[in-house]
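Here is final-v6.cif, consisting of mmCIF, C-alpha atoms:
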```cif
data_protein
#
loop_
_atom_site.label_atom_id
_atom_site.label_comp_id
_atom_site.auth_asym_id
_atom_site.auth_seq_id
_atom_site.Cartn_x
_atom_site.Cartn_y
_atom_site.Cartn_z
CA MET A 21 22.47 18.03 -54.10
CA THR A 22 24.83 15.76 -56.00
CA GLN A 23 23.46 12.24 -56.54
CA PRO A 24 25.82 9.23 -56.36
CA PRO A 25 26.55 7.47 -59.60
CA ALA A 26 23.88 4.99 -60.60
CA ASN A 27 26.34 2.10 -60.61
CA VAL A 28 27.45 2.62 -56.97
CA VAL A 29 26.36 -0.30 -54.78
CA PRO A 30 24.76 0.93 -51.48
CA VAL A 31 26.34 -0.17 -48.21
CA CYS A 32 24.88 -0.51 -44.70
CA TYR A 33 24.96 2.79 -42.84
CA ARG A 34 26.26 1.01 -39.73
CA HIS A 35 28.59 -1.42 -41.50
CA PRO A 36 30.19 0.33 -44.51
CA ASP A 37 31.98 -2.86 -45.54
CA ARG A 38 28.68 -4.68 -46.24
CA GLU A 39 26.77 -4.19 -49.47
CA THR A 40 22.98 -4.25 -49.29
CA TYR A 41 19.91 -3.37 -51.31
CA VAL A 42 17.50 -3.39 -48.34
CA ARG A 43 16.44 -0.07 -46.84
CA CYS A 44 14.76 0.88 -43.57
CA THR A 45 11.05 1.50 -44.19
CA ARG A 46 11.12 4.52 -41.84
CA CYS A 47 14.34 6.42 -42.63
CA ASP A 48 15.23 4.82 -45.99
CA ARG A 49 18.84 4.14 -44.99
CA PRO A 50 20.52 0.97 -46.31
CA ILE A 51 20.72 -1.82 -43.73
CA CYS A 52 22.47 -5.18 -43.80
CA PRO A 53 20.97 -8.44 -42.45
CA SER A 54 22.57 -7.83 -39.02
CA CYS A 55 20.74 -4.51 -38.70
CA MET A 56 17.34 -5.64 -40.01
CA ASN A 57 14.45 -5.67 -37.53
CA GLU A 58 11.28 -7.15 -38.96
CA ALA A 59 8.36 -4.70 -38.94
CA SER A 60 4.73 -4.95 -39.99
CA VAL A 61 5.89 -3.80 -43.43
CA GLY A 62 9.49 -4.44 -44.46
CA PHE A 63 12.41 -3.94 -42.08
CA GLN A 64 13.56 -1.17 -39.77
CA CYS A 65 17.03 -0.13 -38.66
CA PRO A 66 18.11 -0.30 -34.98
CA ASP A 67 17.91 3.48 -34.53
CA CYS A 68 14.30 3.65 -35.73
CA VAL A 69 13.35 0.68 -33.54
CA ARG A 70 14.84 2.41 -30.46
CA SER A 71 13.10 5.69 -31.16
CA GLY A 72 9.82 3.88 -31.72
CA THR A 73 10.14 2.00 -28.44
CA LYS A 74 10.57 5.26 -26.52
CA THR A 75 7.31 6.68 -27.85
CA GLN A 76 5.38 3.43 -27.67
CA ARG A 77 3.02 3.07 -24.75
CA GLN A 78 3.92 0.22 -22.39
CA VAL A 79 1.50 -2.66 -22.10
CA ARG A 80 0.06 -2.83 -18.59
CA THR A 81 -1.79 -5.43 -16.58
CA ALA A 82 -5.36 -5.06 -15.37
CA PHE A 83 -4.00 -3.46 -12.18
CA GLY A 84 -1.60 -1.00 -13.81
CA GLY A 85 1.64 -2.96 -13.52
CA THR A 86 4.07 -3.35 -16.40
CA ARG A 87 4.96 -6.67 -17.94
CA ALA A 88 8.32 -6.51 -16.14
CA GLY A 89 6.58 -7.94 -13.08
CA ALA A 90 6.32 -11.29 -14.83
CA GLU A 91 10.08 -11.70 -14.39
CA GLY A 92 9.63 -12.07 -10.62
CA THR A 93 12.56 -9.78 -9.85
CA VAL A 94 11.16 -8.41 -6.57
CA THR A 95 10.14 -11.86 -5.33
CA ILE A 96 13.59 -13.27 -6.05
CA THR A 97 15.28 -10.25 -4.46
CA LEU A 98 13.23 -10.61 -1.27
CA ILE A 99 14.14 -14.29 -1.04
CA VAL A 100 17.83 -13.50 -1.53
CA ILE A 101 17.71 -10.81 1.18
CA ASN A 102 16.07 -13.18 3.66
CA VAL A 103 18.62 -15.90 2.96
CA LEU A 104 21.54 -13.48 3.27
CA VAL A 105 20.21 -12.16 6.59
CA PHE A 106 19.94 -15.75 7.84
CA VAL A 107 23.56 -16.42 6.85
CA ILE A 108 24.68 -13.22 8.59
CA ALA A 109 22.81 -14.33 11.73
CA LEU A 110 24.67 -17.64 11.69
CA ILE A 111 27.99 -15.83 11.26
CA SER A 112 27.20 -13.56 14.21
CA ALA A 113 26.43 -16.61 16.35
CA GLY A 114 29.66 -18.28 15.28
CA ARG A 115 31.70 -15.24 16.25
CA ASP A 116 30.10 -15.22 19.70
CA ALA A 117 30.99 -18.88 20.13
CA ALA A 118 34.57 -18.26 18.97
CA GLN A 119 34.94 -15.51 21.57
CA GLY A 120 33.57 -17.75 24.32
CA LEU A 121 30.36 -15.75 24.68
CA GLY A 122 28.07 -18.76 24.37
CA GLY A 123 25.73 -19.85 21.60
CA GLY A 124 26.97 -20.95 18.22
CA GLY A 125 26.06 -21.32 14.60
CA LEU A 126 24.18 -24.58 15.24
CA GLY A 127 21.79 -22.81 17.62
CA GLY A 128 20.89 -20.29 14.93
CA LEU A 129 20.54 -23.07 12.39
CA ILE A 130 17.91 -24.96 14.36
CA GLY A 131 16.06 -22.01 15.83
CA GLY A 132 18.05 -20.40 18.61
CA LEU A 133 18.65 -16.71 19.22
CA THR A 134 21.73 -15.18 17.64
CA PRO A 135 23.27 -11.75 18.25
CA LEU A 136 21.48 -10.51 15.13
CA HIS A 137 18.16 -11.71 16.56
CA ARG A 138 18.85 -9.95 19.83
CA TRP A 139 19.45 -6.77 17.85
CA GLY A 140 16.61 -6.95 15.33
CA ALA A 141 13.82 -9.29 16.50
CA LEU A 142 10.54 -7.75 17.59
CA VAL A 143 10.39 -7.45 21.39
CA PRO A 144 7.38 -5.33 22.47
CA TYR A 145 8.83 -4.30 25.86
CA PHE A 146 10.48 -5.78 28.92
CA ALA A 147 8.39 -6.28 32.05
CA THR A 148 9.03 -7.64 35.50
CA ASP A 149 7.32 -10.81 36.63
CA ASN A 150 6.52 -9.55 40.15
CA GLY A 151 2.86 -8.86 39.33
CA GLN A 152 3.15 -5.12 39.96
CA GLY A 153 2.93 -4.16 36.28
CA PHE A 154 6.27 -2.40 36.23
CA ARG A 155 8.23 -2.25 33.00
CA VAL A 156 11.98 -2.62 33.01
CA ALA A 157 13.80 -0.60 30.40
CA GLY A 158 15.65 -2.74 27.91
CA PRO A 159 16.31 -3.19 24.19
CA SER A 160 12.81 -3.32 22.73
CA VAL A 161 10.37 -1.48 20.46
CA ALA A 162 8.82 0.43 23.35
CA ASP A 163 12.24 1.76 24.33
CA GLY A 164 12.66 3.54 21.02
CA GLU A 165 14.01 0.76 18.81
CA TYR A 166 11.23 1.17 16.26
CA TYR A 167 13.39 -0.29 13.51
CA ARG A 168 12.58 -3.73 14.95
CA LEU A 169 9.13 -3.48 13.33
CA PHE A 170 10.94 -3.68 9.99
CA THR A 171 14.06 -5.76 10.66
CA SER A 172 12.07 -8.55 12.30
CA MET A 173 10.42 -9.18 8.91
CA PHE A 174 13.72 -10.49 7.54
CA LEU A 175 14.87 -12.61 10.49
CA HIS A 176 14.00 -16.28 10.96
CA PHE A 177 14.35 -18.80 13.76
CA GLY A 178 16.14 -21.72 12.14
CA ILE A 179 16.45 -23.19 8.67
CA LEU A 180 12.99 -24.81 8.69
CA HIS A 181 11.31 -21.49 9.51
CA LEU A 182 13.22 -19.82 6.68
CA ALA A 183 12.59 -22.60 4.15
CA THR A 184 8.82 -22.74 4.67
CA ASN A 185 8.43 -18.97 4.41
CA MET A 186 10.63 -18.66 1.33
CA TRP A 187 8.80 -21.49 -0.40
CA ALA A 188 5.49 -19.76 0.24
CA LEU A 189 6.92 -16.46 -1.00
CA TRP A 190 8.17 -18.14 -4.18
CA VAL A 191 4.81 -19.78 -4.90
CA VAL A 192 2.51 -16.85 -4.04
CA GLY A 193 4.81 -13.93 -4.80
CA ARG A 194 5.47 -14.57 -8.48
CA PRO A 195 1.84 -14.56 -9.71
CA LEU A 196 1.06 -11.52 -7.57
CA GLU A 197 4.09 -9.62 -8.83
CA ALA A 198 3.13 -10.49 -12.41
CA ALA A 199 -0.40 -9.17 -11.84
CA LEU A 200 0.38 -6.05 -9.81
CA GLY A 201 3.78 -5.07 -11.15
CA ARG A 202 7.00 -4.65 -9.22
CA TRP A 203 6.37 -1.53 -7.15
CA ARG A 204 2.77 -2.31 -6.21
CA PHE A 205 3.79 -5.80 -5.17
CA LEU A 206 6.71 -4.51 -3.09
CA ALA A 207 4.44 -1.98 -1.34
CA LEU A 208 1.92 -4.75 -0.61
CA TYR A 209 4.61 -7.02 0.83
CA LEU A 210 6.20 -4.41 3.08
CA LEU A 211 2.89 -3.03 4.34
CA SER A 212 1.63 -6.55 5.12
CA GLY A 213 4.79 -7.29 7.05
CA LEU A 214 4.55 -3.98 8.88
CA GLY A 215 0.89 -4.66 9.72
CA GLY A 216 1.90 -7.97 11.24
CA SER A 217 4.65 -6.32 13.26
CA VAL A 218 2.33 -3.62 14.59
CA LEU A 219 -0.25 -6.13 15.82
CA ALA A 220 2.50 -8.32 17.29
CA PHE A 221 3.76 -5.28 19.19
CA ILE A 222 0.31 -4.38 20.53
CA LEU A 223 -0.93 -7.88 21.44
CA GLY A 224 2.30 -9.83 21.75
CA ALA A 225 3.72 -10.90 25.09
CA PRO A 226 6.42 -8.69 26.62
CA ASN A 227 9.96 -10.07 26.86
CA THR A 228 9.21 -12.45 23.96
CA PRO A 229 11.10 -11.96 20.68
CA SER A 230 9.32 -12.72 17.43
CA ALA A 231 10.50 -12.61 13.83
CA GLY A 232 9.82 -13.91 10.35
CA ALA A 233 8.30 -13.06 7.00
CA SER A 234 5.04 -14.83 7.88
CA GLY A 235 3.07 -11.62 8.39
CA ALA A 236 3.99 -10.40 4.91
CA ILE A 237 3.28 -13.81 3.38
CA PHE A 238 -0.16 -14.03 5.01
CA GLY A 239 -0.81 -10.62 3.46
CA LEU A 240 0.12 -12.07 0.08
CA PHE A 241 -2.29 -14.97 0.61
CA ALA A 242 -5.12 -12.50 1.25
CA ALA A 243 -4.07 -10.34 -1.70
CA LEU A 244 -4.00 -13.30 -4.08
CA ILE A 245 -7.59 -14.14 -3.15
CA VAL A 246 -8.64 -10.52 -3.77
CA VAL A 247 -6.84 -10.40 -7.13
CA LEU A 248 -8.31 -13.71 -8.29
CA ARG A 249 -11.81 -12.58 -7.31
CA ARG A 250 -11.28 -9.29 -9.15
CA LEU A 251 -10.31 -11.24 -12.28
CA LYS A 252 -13.29 -13.57 -11.71
CA LEU A 253 -11.03 -16.58 -11.39
CA SER A 254 -11.41 -19.51 -9.01
CA VAL A 255 -9.94 -19.25 -5.51
CA ALA A 256 -10.49 -22.95 -4.78
CA GLY A 257 -6.77 -23.64 -4.87
CA ILE A 258 -5.69 -20.92 -2.43
CA VAL A 259 -8.46 -20.81 0.20
CA PRO A 260 -7.79 -24.33 1.62
CA VAL A 261 -4.08 -23.50 1.90
CA LEU A 262 -4.89 -20.31 3.81
CA VAL A 263 -7.32 -22.16 6.11
CA ILE A 264 -4.75 -24.86 6.87
CA ASN A 265 -2.16 -22.21 7.71
CA LEU A 266 -4.61 -20.43 10.01
CA VAL A 267 -5.39 -23.71 11.79
CA ILE A 268 -1.65 -24.30 12.28
CA THR A 269 -1.24 -20.71 13.47
CA PHE A 270 -3.82 -20.95 16.25
CA GLY A 271 -3.14 -24.62 17.00
CA PHE A 272 0.50 -23.85 17.81
CA SER A 273 0.01 -20.31 19.10
CA SER A 274 2.51 -20.95 21.90
CA TYR A 275 5.26 -21.11 19.30
CA ILE A 276 3.81 -18.99 16.48
CA SER A 277 3.04 -15.28 16.56
CA TRP A 278 -0.62 -15.43 15.56
CA GLN A 279 -0.71 -11.66 15.97
CA ALA A 280 1.76 -11.19 13.11
CA HIS A 281 -0.17 -13.60 10.90
CA VAL A 282 -3.53 -11.93 11.52
CA GLY A 283 -2.08 -8.43 11.24
CA GLY A 284 -0.45 -9.27 7.91
CA LEU A 285 -3.58 -11.01 6.64
CA VAL A 286 -5.88 -8.05 7.39
CA THR A 287 -3.41 -5.45 6.10
CA GLY A 288 -2.77 -7.39 2.91
CA ALA A 289 -6.49 -7.75 2.24
CA ILE A 290 -7.16 -4.02 2.74
CA VAL A 291 -4.24 -2.91 0.56
CA ALA A 292 -5.09 -5.46 -2.14
CA VAL A 293 -8.69 -4.22 -2.37
CA GLY A 294 -7.42 -0.68 -2.96
CA LEU A 295 -4.93 -1.85 -5.59
CA ALA A 296 -7.27 -4.24 -7.39
CA TYR A 297 -10.53 -2.28 -7.45
CA ALA A 298 -9.24 1.21 -8.24
CA PRO A 299 -11.05 2.53 -11.36
CA GLN A 300 -8.78 2.73 -14.39
CA LYS A 301 -9.14 6.49 -14.91
CA GLN A 302 -7.99 7.32 -11.37
CA ARG A 303 -6.08 4.10 -10.85
CA THR A 304 -2.61 5.41 -10.06
CA ALA A 305 -3.87 8.17 -7.76
CA LEU A 306 -6.18 5.85 -5.81
CA GLN A 307 -3.58 3.11 -5.56
CA THR A 308 -1.05 5.62 -4.23
CA ALA A 309 -3.65 6.88 -1.75
CA THR A 310 -4.26 3.29 -0.63
CA VAL A 311 -0.58 2.68 0.07
CA VAL A 312 -0.06 6.01 1.84
CA GLY A 313 -3.33 5.67 3.76
CA ALA A 314 -2.42 2.17 4.97
CA LEU A 315 0.98 3.41 6.14
CA VAL A 316 -0.60 6.33 8.02
CA LEU A 317 -3.21 4.06 9.60
CA LEU A 318 -0.57 1.60 10.80
CA THR A 319 1.46 4.50 12.21
CA VAL A 320 -1.56 5.77 14.16
CA ILE A 321 -2.37 2.28 15.49
CA PHE A 322 1.24 1.82 16.54
CA ALA A 323 1.28 5.21 18.30
CA VAL A 324 -1.88 4.32 20.21
CA GLY A 325 -0.41 0.96 21.23
CA LEU A 326 2.83 2.62 22.27
CA SER A 327 0.93 4.99 24.55
CA GLN A 328 -0.60 2.01 26.38
CA VAL A 329 2.71 0.41 27.33
CA PRO A 330 3.26 0.50 31.14
CA GLN A 331 5.57 3.25 32.36
CA VAL A 332 9.20 2.49 33.12
CA GLY A 333 9.71 1.06 36.59
CA TYR A 334 12.76 -0.09 38.52
CA PRO A 335 14.54 -3.34 37.66
CA VAL A 336 14.02 -6.14 40.12
#
```

If you took the structure in this file and wrote it as structure tokens, what would it be?
Amino acid sequence: MTQPPANVVPVCYRHPDRETYVRCTRCDRPICPSCMNEASVGFQCPDCVRSGTKTQRQVRTAFGGTRAGAEGTVTITLIVINVLVFVIALISAGRDAAQGLGGGGLGGLIGGLTPLHRWGALVPYFATDNGQGFRVAGPSVADGEYYRLFTSMFLHFGILHLATNMWALWVVGRPLEAALGRWRFLALYLLSGLGGSVLAFILGAPNTPSAGASGAIFGLFAALIVVLRRLKLSVAGIVPVLVINLVITFGFSSYISWQAHVGGLVTGAIVAVGLAYAPQKQRTALQTATVVGALVLLTVIFAVGLSQVPQVGYPV
């Protein structure tokens, strides 16, 4: 192979117009200051850095999540979705008012039902009030609208309801997402919310719509306690907050779906134990089994509750 003349000045392999005497410590190609990436010894070129990143093992948290969870992407996305759904609910109410159908954006803003609530809030089933135990068919979970178990998690009754839940999600969600990682955290959130919806369906009053992210957030409260205990950290800061919220829940049970709060709390605790205490060698398999198992269990509980709903009667 012909060697270049000894007096030829080397140039950067990515920028031929730049002279340089620095070479990549891995591939030995000349690199200019713009292409230098500091390494443990010398400098590396961008290509070698990229190839090294692909083969390098990602740093993971104690629960198997990647460091990407520290960015809080899932928490922020959930907050944005909830806010957008609230805005859409207000728009739907405004359209009804414009068409002379009653209601209005102000009602949705302070806590009233909007067309979106009537479509997606959790209504267990419709029943007559004649004391005969008949059920009147209507738009509800028991009449096949199972999607309400999920959509109700993203609907809120008024701006105050939304603001308190989103604040709690922002405060509790970010440290949990950082500890568990994005996908584990998302699974925990959705399963907690679903657990709250299932219990609200089984024990909630017929004809009464309920909605909100509270079930999922109570699940996050329980999960944060489990995670802190697993890391042998103090839970003194979170337990009083949870107790206060439980007191409010049962003290104002006429206005708050305590069923959703308790269902989310219990589901979140169970899922968090499976995620936090899975042995490292079988961690991914056991964590996956925990998520799938919780989903199957909630499905079975829901099916049993559905079978106990009174049979369809005749409208009064």

So how far away is atom CA of Arg202 of chain A from atom CA of Leu295 of chain A, in Å? 12.8 Å

On this structure, which residues satisfy the PyMOL selection byres ((chain A and resi 237-250) around 6), written as number ranges by chain? A: 212, 234-236, 251-253, 281, 284-285, 288-289, 292

Given only C-alpha atoms as the basis, pick out the residue of A:Ile264, A:Cys44, A:Ala296, A:Ala157 nearest to Gly62 of chain A.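 When distances to Gly62 of chain A are compared using only C-alpha atoms, the smallest one comes from A:Cys44.
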
I would like the residues chosen by the PyMOL selection byres ((chain A and resi 199) around 8) on the shown file; could you give them as a VMD selection string? chain A and resid 81 to 83 85 89 to 90 195 to 198 200 to 201

I'd like to know which of A:Gln300, A:Thr95, A:Thr319, A:Ser327 is closest to Val192 of chain A, using only C-alpha atoms. A:Thr95

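For segment 165-175 of chain A, the residues within 6 Å (counting all atoms listed in the file, excluding itself and residues fewer than 3 positions away along the chain) are Asn102, Gly140, Ala141, Leu142, Ser160, Val161, Ser217, Ala231, Gly232 and Ala233 of chain A.
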
Given the selection you just returned, output its residues as a file containing C-alpha atoms, formatted as a short mmCIF file (atom, residue, chain, number, x, y, z; two decimals), keeping the file's coordinate frame.
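What landed in out-v7.cif:
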```cif
data_model
loop_
_atom_site.label_atom_id
_atom_site.label_comp_id
_atom_site.auth_asym_id
_atom_site.auth_seq_id
_atom_site.Cartn_x
_atom_site.Cartn_y
_atom_site.Cartn_z
CA ASN A 102 16.07 -13.18 3.66
CA GLY A 140 16.61 -6.95 15.33
CA ALA A 141 13.82 -9.29 16.50
CA LEU A 142 10.54 -7.75 17.59
CA SER A 160 12.81 -3.32 22.73
CA VAL A 161 10.37 -1.48 20.46
CA SER A 217 4.65 -6.32 13.26
CA ALA A 231 10.50 -12.61 13.83
CA GLY A 232 9.82 -13.91 10.35
CA ALA A 233 8.30 -13.06 7.00
#
```

Rank A:Leu133, A:Leu214, A:Cys55, A:Ala220 by their smallest atom-to-atom distance to Leu317 of chain A, using only C-alpha atoms, and report the top residue only. A:Leu214

Neighbour list for Asn265 of chain A as a PyMOL selection string, cut-off 12 Å, only C-alpha atoms, skip fewer than 3 positions in-chain: chain A and resi 184-185+188+234-235+237-238+241+258-262+268-273+276+278+281-282+285

Which residue of A:Leu210, A:His181, A:Arg46, A:Val31 approaches Ser71 of chain A most closely, using all atoms listed in the file: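 Nearest to Ser71 of chain A: A:Arg46.
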
Env of Ala298 of chain A: 7 Å cut, atoms = all atoms listed in the file, seq-sep filter 5 positions within chain, self excluded. Answer as a ChimeraX atom specification. /A:303,306-307

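Closest approach to Leu318 of chain A among A:Val293, A:Leu223, A:Val218, A:Cys68 is made by A:Val218 (distances from all atoms listed in the file).
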
Take every atom of segment 83-94 of chain A listed in the file, pad by 5 Å on each side, and give me the axis-aligned box centre and edge lengths in Å, one decimal, as AutoDock Vina command-line options.
```
--center_x 4.3 --center_y -6.5 --center_z -12.3 --size_x 26.6 --size_y 21.1 --size_z 21.4
```

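Atom CA of Val329 of chain A sits 11.7 Å away from atom CA of Gly224 of chain A.
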